[in-house]
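What follows is a single structure, written as structure tokens, with notes after it.
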Amino acid sequence: MQELALLAVVAVLIIVVVSYAAPKLGVAAPVLLVIVGMVCSLIPGAPELSVDPDLILVLVLPPILYATAVNVPVMDFRRDLGTIGALSVLLVVVSAFGTGLLIWWLIPDIGFATAVALGAVISPPDAVAATSIGKRLGLPPRLVTILEGEGLVNDATALVLLRTAVAAIAGTVSFWGALGDFAFAVFVAIAVGAVVGFVSVRVRSRIRDQAVLTTAISFVVPFLAFIPAEELHASGVIAVVTTGLITGHQSAKRFTAHDRISERTNWRTIQLLLENGVFLLVGFEITAVVADVHASGQGVWATVGLGLLATLTLIVLRATFVVPLIAALRRQQRGAGELGDRIEAALDGLSERGPHPGKQRRYATANRVLRRRHADSAFYASEGLGWRGGGVLAWSGMRGVVTVAAAQSLPSDVPHRAELVLIAFTVAIVTLLLQGGTLPILVKRLGIQGTDAEHEHREFARLAIEIQDAAQALLDSPALRRENGEPFDETILDRTRERVLATAEAIEKMLNERDPDSPLHQRRELQRLLIDAQQNALLDARSGGTYSSHTLERAQNLIDNQAARFTS
């Protein structure tokens, strides 16, 4: 037990060091962690780890998916649902059967169903490395959203396909039965995830000023979605993703700012440790996998060669699939402008006619739907995904968590099981090192840029004005009342109006001021120094023991809140 505890401590320290050093070296942390894991496994006396694959699929995968899903904007996910669906469903199926046919042709005695099972194992890319690189290098947000969405959903397709293939090994499934099982797994999972998402958000929103309690509940939410869905023979992965998307979308409306900040920090920590811990484990387990192949009497290098051939097949299949996908997106972009003009004309006509008597609600709904469609059209027209983005999309096929865990979950009586596991590990490691290691170079060579800084600046300015106008409108509203129904004191309202106006002016200056020596920047710099001085005084008071811990905690929270405003 002490040895396991020591290994866990060392693993966490390695993850922290590598995650800190990776950006400075220009390499994705998962790539370095695989290499470090392989090196650690070769150290004399290193223990042989044998992790139950169900432990990863049931205890590690749900929180990883949830932590990613809560940060994916639902609006962006909805706009690219077709693209995400094509990559995470169609491409996974094509890759599974394509590589399955290859493996079956090279190792015919394993059977077609077993070959497809292996194909399902190695077919879903893990978007962790791709998105970590993409966000660091400033890829367009739409491309990052597509990669994140694919990484969230394709695991479900692969695991359902793997379950079907394993059943087919025993001869207990048909084509139509498999199709029905897939549809059942998807729809039931979405229903379970939606119920858990809405209920958990509603429950947590009723717990006020208790960020620790709401965060504690959030730790079990992924399992509340995953376990019931799996018990109903649906996709636990899709259930978790659905719950995460709903929670992330509802958090701005239902949770307090303190709850959101606390949860965001805690989940980022969990995500860092779990994701990178699996990549470290991938590298560490490779020696044990090789030893299993040796023990089975099979050739290690021949098996690695099969893994390299499967990797090449996956790369070719993905690149071939992306070509018509990008062509379709380019056609969508060309037609978006014309569609936007038609919707704008419809909006103008609707505004001129106005609502019919008694039809105000229907008018408001129609107006809202048309405005959303107009915004979607503007998005497709301005945020097109060209061939350079398609090149990044085609090369972002690194395998990871699901491939490693699913490979080891293959039935023990499957012929050539040790070889199949090594093939899967080879695909995971090679794609991480080859594609993950060269993706930054590809992005730089293609010259892909993220959102135009000036456009984003203007967009933020417009939104800031709308927010300030809403605050001013509330203060000027004659219907403004306190909770007891009494009006607010005019003196307080006047002072608040002055603060709102001062805030608006400060935001405008912040947006327009680019000179680092301007009074605004100097005031912000001075404010940070003042906060540091306050923090040092608090530390001195803490060490002196004069004040109670409760008083010190309140003072610390006050300083932290001030610091958050000036460092955001």
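Just remember, in the structure tokens the first chain shown is A, the second B, etc., residues are 1-based per chain, and ligands are 1-based in the order shown.
Every protein, DNA or RNA residue with an atom at most 12 Å from Leu90 (chain A), where only C-alpha atoms count and chain neighbours fewer than 5 positions away do not, is listed here: Gly82, Thr83, Ile84, Gly85, Ser95, Ala96, Phe97, Gly98, Ser123, Pro124, Glu150, Val153, Asn154, Thr157, Ala158, Leu161, Leu317, Arg318, Phe321, Val322 and Leu325 of chain A.
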Restricting it to all heavy atoms, dump the selection as a compact mmCIF listing (two decimals), in the first residue's frame.
# COMPACT_ATOMS: atom_id res chain seq x y z
N GLY A 82 -23.31 18.96 -37.11
CA GLY A 82 -23.19 18.11 -38.29
C GLY A 82 -21.75 17.66 -38.52
O GLY A 82 -21.49 16.48 -38.78
N THR A 83 -20.82 18.60 -38.42
CA THR A 83 -19.40 18.27 -38.61
C THR A 83 -18.91 17.34 -37.51
O THR A 83 -18.20 16.36 -37.78
CB THR A 83 -18.57 19.56 -38.61
OG1 THR A 83 -19.07 20.44 -39.61
CG2 THR A 83 -17.11 19.25 -38.89
N ILE A 84 -19.28 17.65 -36.28
CA ILE A 84 -18.88 16.81 -35.15
C ILE A 84 -19.46 15.41 -35.30
O ILE A 84 -18.78 14.40 -35.06
CB ILE A 84 -19.33 17.45 -33.82
CG1 ILE A 84 -18.53 18.73 -33.57
CG2 ILE A 84 -19.16 16.48 -32.66
CD1 ILE A 84 -19.05 19.56 -32.42
N GLY A 85 -20.74 15.32 -35.71
CA GLY A 85 -21.36 14.02 -35.91
C GLY A 85 -20.68 13.21 -37.00
O GLY A 85 -20.48 11.99 -36.87
N SER A 95 -13.34 4.00 -39.90
CA SER A 95 -12.00 3.63 -39.42
C SER A 95 -12.00 2.25 -38.78
O SER A 95 -11.06 1.46 -38.98
CB SER A 95 -11.51 4.67 -38.40
OG SER A 95 -11.43 5.95 -38.97
N ALA A 96 -13.05 1.94 -38.02
CA ALA A 96 -13.12 0.63 -37.35
C ALA A 96 -13.19 -0.50 -38.37
O ALA A 96 -12.46 -1.50 -38.26
CB ALA A 96 -14.33 0.59 -36.42
N PHE A 97 -14.05 -0.35 -39.36
CA PHE A 97 -14.18 -1.42 -40.35
C PHE A 97 -12.99 -1.44 -41.31
O PHE A 97 -12.56 -2.51 -41.76
CB PHE A 97 -15.49 -1.25 -41.13
CG PHE A 97 -16.68 -1.80 -40.41
CD1 PHE A 97 -17.44 -0.99 -39.59
CD2 PHE A 97 -17.03 -3.14 -40.53
CE1 PHE A 97 -18.53 -1.49 -38.89
CE2 PHE A 97 -18.13 -3.66 -39.84
CZ PHE A 97 -18.88 -2.83 -39.02
N GLY A 98 -12.44 -0.25 -41.63
CA GLY A 98 -11.28 -0.21 -42.52
C GLY A 98 -10.07 -0.90 -41.91
O GLY A 98 -9.45 -1.78 -42.54
N SER A 123 -9.99 3.36 -33.22
CA SER A 123 -10.59 4.35 -34.13
C SER A 123 -10.83 5.72 -33.52
O SER A 123 -10.78 6.72 -34.25
CB SER A 123 -11.90 3.81 -34.69
OG SER A 123 -12.81 3.50 -33.66
N PRO A 124 -11.14 5.89 -32.21
CA PRO A 124 -11.48 7.24 -31.73
C PRO A 124 -10.25 8.06 -31.33
O PRO A 124 -9.52 7.68 -30.42
CB PRO A 124 -12.36 6.96 -30.49
CG PRO A 124 -11.82 5.67 -29.95
CD PRO A 124 -11.34 4.87 -31.14
N GLU A 150 -15.59 16.38 -31.25
CA GLU A 150 -15.28 15.04 -31.75
C GLU A 150 -14.73 14.16 -30.64
O GLU A 150 -15.13 13.00 -30.49
CB GLU A 150 -14.25 15.14 -32.88
CG GLU A 150 -13.87 13.78 -33.46
CD GLU A 150 -12.64 13.85 -34.35
OE1 GLU A 150 -11.98 14.90 -34.40
OE2 GLU A 150 -12.33 12.82 -34.99
N VAL A 153 -17.64 12.91 -28.33
CA VAL A 153 -18.68 12.01 -28.82
C VAL A 153 -18.12 10.72 -29.42
O VAL A 153 -18.76 9.67 -29.34
CB VAL A 153 -19.57 12.74 -29.86
CG1 VAL A 153 -20.69 11.84 -30.35
CG2 VAL A 153 -20.16 14.01 -29.25
N ASN A 154 -16.93 10.78 -30.00
CA ASN A 154 -16.45 9.60 -30.72
C ASN A 154 -16.16 8.42 -29.78
O ASN A 154 -16.21 7.26 -30.21
CB ASN A 154 -15.22 9.92 -31.57
CG ASN A 154 -14.03 10.38 -30.76
OD1 ASN A 154 -14.00 10.29 -29.53
ND2 ASN A 154 -13.03 10.92 -31.45
N THR A 157 -19.27 6.27 -29.71
CA THR A 157 -19.40 5.44 -30.92
C THR A 157 -18.46 4.24 -30.85
O THR A 157 -18.87 3.10 -31.14
CB THR A 157 -19.09 6.28 -32.17
OG1 THR A 157 -19.91 7.44 -32.17
CG2 THR A 157 -19.34 5.47 -33.42
N ALA A 158 -17.22 4.48 -30.46
CA ALA A 158 -16.24 3.40 -30.42
C ALA A 158 -16.61 2.34 -29.38
O ALA A 158 -16.51 1.13 -29.65
CB ALA A 158 -14.85 3.97 -30.13
N LEU A 161 -19.62 0.35 -30.52
CA LEU A 161 -19.19 -0.54 -31.60
C LEU A 161 -18.36 -1.69 -31.05
O LEU A 161 -18.50 -2.84 -31.50
CB LEU A 161 -18.37 0.27 -32.61
CG LEU A 161 -18.06 -0.39 -33.96
CD1 LEU A 161 -19.36 -0.80 -34.67
CD2 LEU A 161 -17.26 0.56 -34.84
N LEU A 317 -7.22 7.16 -43.90
CA LEU A 317 -8.68 7.20 -43.85
C LEU A 317 -9.18 8.56 -43.35
O LEU A 317 -10.14 9.11 -43.88
CB LEU A 317 -9.21 6.08 -42.95
CG LEU A 317 -9.14 4.66 -43.51
CD1 LEU A 317 -9.54 3.64 -42.44
CD2 LEU A 317 -10.04 4.51 -44.73
N ARG A 318 -8.53 9.09 -42.33
CA ARG A 318 -8.96 10.38 -41.79
C ARG A 318 -8.74 11.50 -42.81
O ARG A 318 -9.63 12.35 -42.99
CB ARG A 318 -8.21 10.68 -40.50
CG ARG A 318 -8.69 11.97 -39.80
CD ARG A 318 -7.99 12.17 -38.47
NE ARG A 318 -8.44 13.41 -37.82
CZ ARG A 318 -9.49 13.51 -37.02
NH1 ARG A 318 -10.20 12.42 -36.75
NH2 ARG A 318 -9.83 14.67 -36.49
N PHE A 321 -11.32 11.27 -45.50
CA PHE A 321 -12.64 11.65 -45.01
C PHE A 321 -12.76 13.17 -44.87
O PHE A 321 -13.83 13.74 -45.11
CB PHE A 321 -12.90 10.99 -43.65
CG PHE A 321 -14.30 11.11 -43.16
CD1 PHE A 321 -15.27 10.18 -43.48
CD2 PHE A 321 -14.67 12.18 -42.35
CE1 PHE A 321 -16.57 10.29 -43.02
CE2 PHE A 321 -15.96 12.31 -41.88
CZ PHE A 321 -16.92 11.36 -42.22
N VAL A 322 -11.68 13.82 -44.48
CA VAL A 322 -11.72 15.26 -44.22
C VAL A 322 -11.88 16.06 -45.51
O VAL A 322 -12.50 17.14 -45.50
CB VAL A 322 -10.45 15.70 -43.45
CG1 VAL A 322 -10.28 17.22 -43.47
CG2 VAL A 322 -10.52 15.21 -42.01
N LEU A 325 -15.43 16.62 -46.40
CA LEU A 325 -16.02 17.35 -45.28
C LEU A 325 -15.71 18.84 -45.39
O LEU A 325 -16.59 19.70 -45.24
CB LEU A 325 -15.49 16.79 -43.96
CG LEU A 325 -16.04 17.44 -42.68
CD1 LEU A 325 -17.53 17.17 -42.55
CD2 LEU A 325 -15.30 16.91 -41.45
Who sits within 12 Å of Val220 (chain A), only C-alpha atoms, same chain under 3 positions skipped, as an mmCIF file with all heavy atoms, in the first residue's frame:
data_model
loop_
_atom_site.group_PDB
_atom_site.id
_atom_site.type_symbol
_atom_site.label_atom_id
_atom_site.label_comp_id
_atom_site.auth_asym_id
_atom_site.auth_seq_id
_atom_site.Cartn_x
_atom_site.Cartn_y
_atom_site.Cartn_z
ATOM 1 N N LEU A 59 -14.168 4.969 -13.778
ATOM 2 C CA LEU A 59 -13.794 5.970 -12.779
ATOM 3 C C LEU A 59 -13.025 7.159 -13.347
ATOM 4 O O LEU A 59 -13.068 8.246 -12.774
ATOM 5 C CB LEU A 59 -12.954 5.316 -11.670
ATOM 6 C CG LEU A 59 -13.663 4.288 -10.801
ATOM 7 C CD1 LEU A 59 -12.717 3.765 -9.721
ATOM 8 C CD2 LEU A 59 -14.916 4.871 -10.158
ATOM 9 N N PRO A 62 -15.456 9.174 -17.168
ATOM 10 C CA PRO A 62 -16.582 10.104 -16.949
ATOM 11 C C PRO A 62 -16.169 11.494 -16.472
ATOM 12 O O PRO A 62 -16.614 12.497 -17.051
ATOM 13 C CB PRO A 62 -17.449 9.369 -15.913
ATOM 14 C CG PRO A 62 -17.158 7.931 -16.144
ATOM 15 C CD PRO A 62 -15.708 7.878 -16.496
ATOM 16 N N PRO A 63 -15.318 11.625 -15.433
ATOM 17 C CA PRO A 63 -14.932 12.991 -15.031
ATOM 18 C C PRO A 63 -14.135 13.738 -16.087
ATOM 19 O O PRO A 63 -14.258 14.964 -16.201
ATOM 20 C CB PRO A 63 -14.118 12.778 -13.748
ATOM 21 C CG PRO A 63 -13.775 11.346 -13.712
ATOM 22 C CD PRO A 63 -14.804 10.614 -14.478
ATOM 23 N N TYR A 66 -16.740 14.968 -18.555
ATOM 24 C CA TYR A 66 -17.566 16.005 -17.934
ATOM 25 C C TYR A 66 -16.797 17.324 -17.830
ATOM 26 O O TYR A 66 -17.332 18.396 -18.137
ATOM 27 C CB TYR A 66 -18.014 15.539 -16.554
ATOM 28 C CG TYR A 66 -18.868 16.533 -15.802
ATOM 29 C CD1 TYR A 66 -20.233 16.626 -16.046
ATOM 30 C CD2 TYR A 66 -18.309 17.382 -14.850
ATOM 31 C CE1 TYR A 66 -21.018 17.552 -15.357
ATOM 32 C CE2 TYR A 66 -19.081 18.296 -14.156
ATOM 33 C CZ TYR A 66 -20.436 18.371 -14.410
ATOM 34 O OH TYR A 66 -21.205 19.286 -13.734
ATOM 35 N N ALA A 67 -15.539 17.246 -17.398
ATOM 36 C CA ALA A 67 -14.738 18.457 -17.240
ATOM 37 C C ALA A 67 -14.553 19.176 -18.565
ATOM 38 O O ALA A 67 -14.488 20.415 -18.609
ATOM 39 C CB ALA A 67 -13.372 18.097 -16.642
ATOM 40 N N VAL A 196 -30.364 14.166 -15.557
ATOM 41 C CA VAL A 196 -29.348 14.393 -14.523
ATOM 42 C C VAL A 196 -28.837 15.833 -14.588
ATOM 43 O O VAL A 196 -28.630 16.484 -13.553
ATOM 44 C CB VAL A 196 -28.183 13.394 -14.686
ATOM 45 C CG1 VAL A 196 -27.043 13.732 -13.723
ATOM 46 C CG2 VAL A 196 -28.666 11.974 -14.449
ATOM 47 N N GLY A 197 -28.640 16.354 -15.806
ATOM 48 C CA GLY A 197 -28.137 17.718 -15.948
ATOM 49 C C GLY A 197 -29.078 18.754 -15.363
ATOM 50 O O GLY A 197 -28.671 19.585 -14.540
ATOM 51 N N SER A 200 -29.585 18.185 -11.419
ATOM 52 C CA SER A 200 -28.407 18.550 -10.623
ATOM 53 C C SER A 200 -28.199 20.059 -10.585
ATOM 54 O O SER A 200 -27.839 20.619 -9.545
ATOM 55 C CB SER A 200 -27.156 17.856 -11.174
ATOM 56 O OG SER A 200 -26.881 18.276 -12.499
ATOM 57 N N LEU A 213 -19.987 22.887 -0.996
ATOM 58 C CA LEU A 213 -21.018 21.858 -1.132
ATOM 59 C C LEU A 213 -21.426 21.647 -2.586
ATOM 60 O O LEU A 213 -21.581 20.510 -3.036
ATOM 61 C CB LEU A 213 -22.242 22.238 -0.291
ATOM 62 C CG LEU A 213 -22.043 22.327 1.221
ATOM 63 C CD1 LEU A 213 -23.358 22.667 1.907
ATOM 64 C CD2 LEU A 213 -21.489 21.022 1.772
ATOM 65 N N THR A 214 -21.619 22.734 -3.326
ATOM 66 C CA THR A 214 -22.024 22.588 -4.724
ATOM 67 C C THR A 214 -20.928 21.931 -5.556
ATOM 68 O O THR A 214 -21.208 21.129 -6.444
ATOM 69 C CB THR A 214 -22.383 23.956 -5.330
ATOM 70 O OG1 THR A 214 -21.266 24.843 -5.216
ATOM 71 C CG2 THR A 214 -23.565 24.561 -4.610
ATOM 72 N N THR A 215 -19.673 22.259 -5.251
ATOM 73 C CA THR A 215 -18.564 21.623 -5.965
ATOM 74 C C THR A 215 -18.481 20.139 -5.621
ATOM 75 O O THR A 215 -18.213 19.299 -6.491
ATOM 76 C CB THR A 215 -17.239 22.319 -5.638
ATOM 77 O OG1 THR A 215 -17.340 23.709 -5.953
ATOM 78 C CG2 THR A 215 -16.102 21.711 -6.431
ATOM 79 N N ALA A 216 -18.720 19.806 -4.345
ATOM 80 C CA ALA A 216 -18.712 18.400 -3.934
ATOM 81 C C ALA A 216 -19.780 17.607 -4.688
ATOM 82 O O ALA A 216 -19.549 16.473 -5.119
ATOM 83 C CB ALA A 216 -18.932 18.285 -2.429
ATOM 84 N N ILE A 217 -20.965 18.209 -4.865
ATOM 85 C CA ILE A 217 -22.012 17.540 -5.636
ATOM 86 C C ILE A 217 -21.562 17.351 -7.083
ATOM 87 O O ILE A 217 -21.800 16.300 -7.688
ATOM 88 C CB ILE A 217 -23.321 18.350 -5.577
ATOM 89 C CG1 ILE A 217 -23.864 18.376 -4.152
ATOM 90 C CG2 ILE A 217 -24.371 17.769 -6.520
ATOM 91 C CD1 ILE A 217 -25.081 19.261 -3.982
ATOM 92 N N PHE A 223 -20.850 10.566 -12.580
ATOM 93 C CA PHE A 223 -21.182 9.168 -12.294
ATOM 94 C C PHE A 223 -22.693 8.972 -12.164
ATOM 95 O O PHE A 223 -23.208 7.895 -12.472
ATOM 96 C CB PHE A 223 -20.466 8.716 -11.021
ATOM 97 C CG PHE A 223 -18.982 8.924 -11.074
ATOM 98 C CD1 PHE A 223 -18.376 9.980 -10.414
ATOM 99 C CD2 PHE A 223 -18.173 8.075 -11.818
ATOM 100 C CE1 PHE A 223 -17.018 10.196 -10.479
ATOM 101 C CE2 PHE A 223 -16.799 8.273 -11.884
ATOM 102 C CZ PHE A 223 -16.230 9.329 -11.223
ATOM 103 N N LEU A 224 -23.401 10.020 -11.723
ATOM 104 C CA LEU A 224 -24.856 9.941 -11.676
ATOM 105 C C LEU A 224 -25.438 9.797 -13.078
ATOM 106 O O LEU A 224 -26.525 9.241 -13.251
ATOM 107 C CB LEU A 224 -25.433 11.193 -11.004
ATOM 108 C CG LEU A 224 -25.174 11.360 -9.508
ATOM 109 C CD1 LEU A 224 -25.725 12.690 -9.022
ATOM 110 C CD2 LEU A 224 -25.790 10.203 -8.719
ATOM 111 N N ALA A 225 -24.733 10.322 -14.075
ATOM 112 C CA ALA A 225 -25.175 10.168 -15.462
ATOM 113 C C ALA A 225 -24.647 8.867 -16.074
ATOM 114 O O ALA A 225 -25.379 8.162 -16.784
ATOM 115 C CB ALA A 225 -24.714 11.364 -16.294
ATOM 116 N N PHE A 226 -23.396 8.540 -15.792
ATOM 117 C CA PHE A 226 -22.743 7.401 -16.450
ATOM 118 C C PHE A 226 -23.316 6.061 -15.991
ATOM 119 O O PHE A 226 -23.670 5.201 -16.826
ATOM 120 C CB PHE A 226 -21.237 7.447 -16.165
ATOM 121 C CG PHE A 226 -20.439 6.406 -16.882
ATOM 122 C CD1 PHE A 226 -19.959 6.638 -18.161
ATOM 123 C CD2 PHE A 226 -20.161 5.174 -16.285
ATOM 124 C CE1 PHE A 226 -19.221 5.676 -18.830
ATOM 125 C CE2 PHE A 226 -19.423 4.215 -16.945
ATOM 126 C CZ PHE A 226 -18.948 4.455 -18.222
ATOM 127 N N ILE A 227 -23.421 5.870 -14.688
ATOM 128 C CA ILE A 227 -23.797 4.548 -14.160
ATOM 129 C C ILE A 227 -25.217 4.150 -14.548
ATOM 130 O O ILE A 227 -25.437 3.036 -15.045
ATOM 131 C CB ILE A 227 -23.586 4.510 -12.632
ATOM 132 C CG1 ILE A 227 -22.090 4.667 -12.308
ATOM 133 C CG2 ILE A 227 -24.135 3.226 -12.038
ATOM 134 C CD1 ILE A 227 -21.782 4.797 -10.833
ATOM 135 N N VAL A 240 -22.917 11.403 -20.012
ATOM 136 C CA VAL A 240 -22.029 12.333 -19.310
ATOM 137 C C VAL A 240 -21.832 13.613 -20.123
ATOM 138 O O VAL A 240 -21.881 14.728 -19.578
ATOM 139 C CB VAL A 240 -20.667 11.666 -19.014
ATOM 140 C CG1 VAL A 240 -19.678 12.692 -18.472
ATOM 141 C CG2 VAL A 240 -20.837 10.531 -18.026
ATOM 142 N N THR A 243 -24.973 15.741 -19.915
ATOM 143 C CA THR A 243 -25.035 16.396 -18.611
ATOM 144 C C THR A 243 -24.055 17.557 -18.522
ATOM 145 O O THR A 243 -24.393 18.638 -18.017
ATOM 146 C CB THR A 243 -24.737 15.379 -17.493
ATOM 147 O OG1 THR A 243 -25.709 14.336 -17.530
ATOM 148 C CG2 THR A 243 -24.764 16.036 -16.132
ATOM 149 N N GLY A 244 -22.842 17.355 -19.008
ATOM 150 C CA GLY A 244 -21.834 18.416 -18.959
ATOM 151 C C GLY A 244 -22.216 19.624 -19.792
ATOM 152 O O GLY A 244 -22.038 20.770 -19.359
ATOM 153 N N TRP A 267 -12.267 21.596 -11.143
ATOM 154 C CA TRP A 267 -12.375 20.661 -12.262
ATOM 155 C C TRP A 267 -11.168 20.726 -13.189
ATOM 156 O O TRP A 267 -10.785 19.721 -13.787
ATOM 157 C CB TRP A 267 -13.670 20.908 -13.038
ATOM 158 C CG TRP A 267 -14.806 20.120 -12.468
ATOM 159 C CD1 TRP A 267 -15.872 20.583 -11.767
ATOM 160 C CD2 TRP A 267 -14.966 18.695 -12.526
ATOM 161 N NE1 TRP A 267 -16.686 19.544 -11.386
ATOM 162 C CE2 TRP A 267 -16.157 18.378 -11.842
ATOM 163 C CE3 TRP A 267 -14.226 17.667 -13.089
ATOM 164 C CZ2 TRP A 267 -16.613 17.074 -11.705
ATOM 165 C CZ3 TRP A 267 -14.671 16.361 -12.956
ATOM 166 C CH2 TRP A 267 -15.846 16.086 -12.275
#
Nearest to Leu162 (chain A) by atom-to-atom distance, counting only C-alpha atoms, from A:Asn71, A:Thr365, A:Ser218, A:Thr403
A:Thr403
Work out how far CA of Ala115 (chain A) is from CA of Ala288 (chain A), in Å to one decimal.
22.5 Å
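Residue nearest Ser412 (chain A), chosen from A:Val166, A:Ile492, A:Val10, A:Val18 and counting only C-alpha atoms: A:Val166.
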Calculated over only C-alpha atoms, which of the candidates A:Ala120, A:Val74, A:Leu558, A:Ile64 has the smallest distance to Gly151 (chain A)?
A:Ile64
Pick the closest to Ser396 (chain A) from A:Ala366, A:Ala234, A:Val443, A:Ala185: which is it, counting only C-alpha atoms?
A:Val443
I want to know what sits within 9 Å of Arg260 (chain A), based on only C-alpha atoms, with residues of the same chain fewer than 6 positions away left out; could you give that as an MDAnalysis selection string?
chainID A and resid 211 215 251:252
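Candidate residues A:Asn536, A:Thr311, A:Thr145, A:Asn484 were compared for distance to Arg79 (chain A), and the nearest is A:Thr145, using only C-alpha atoms.
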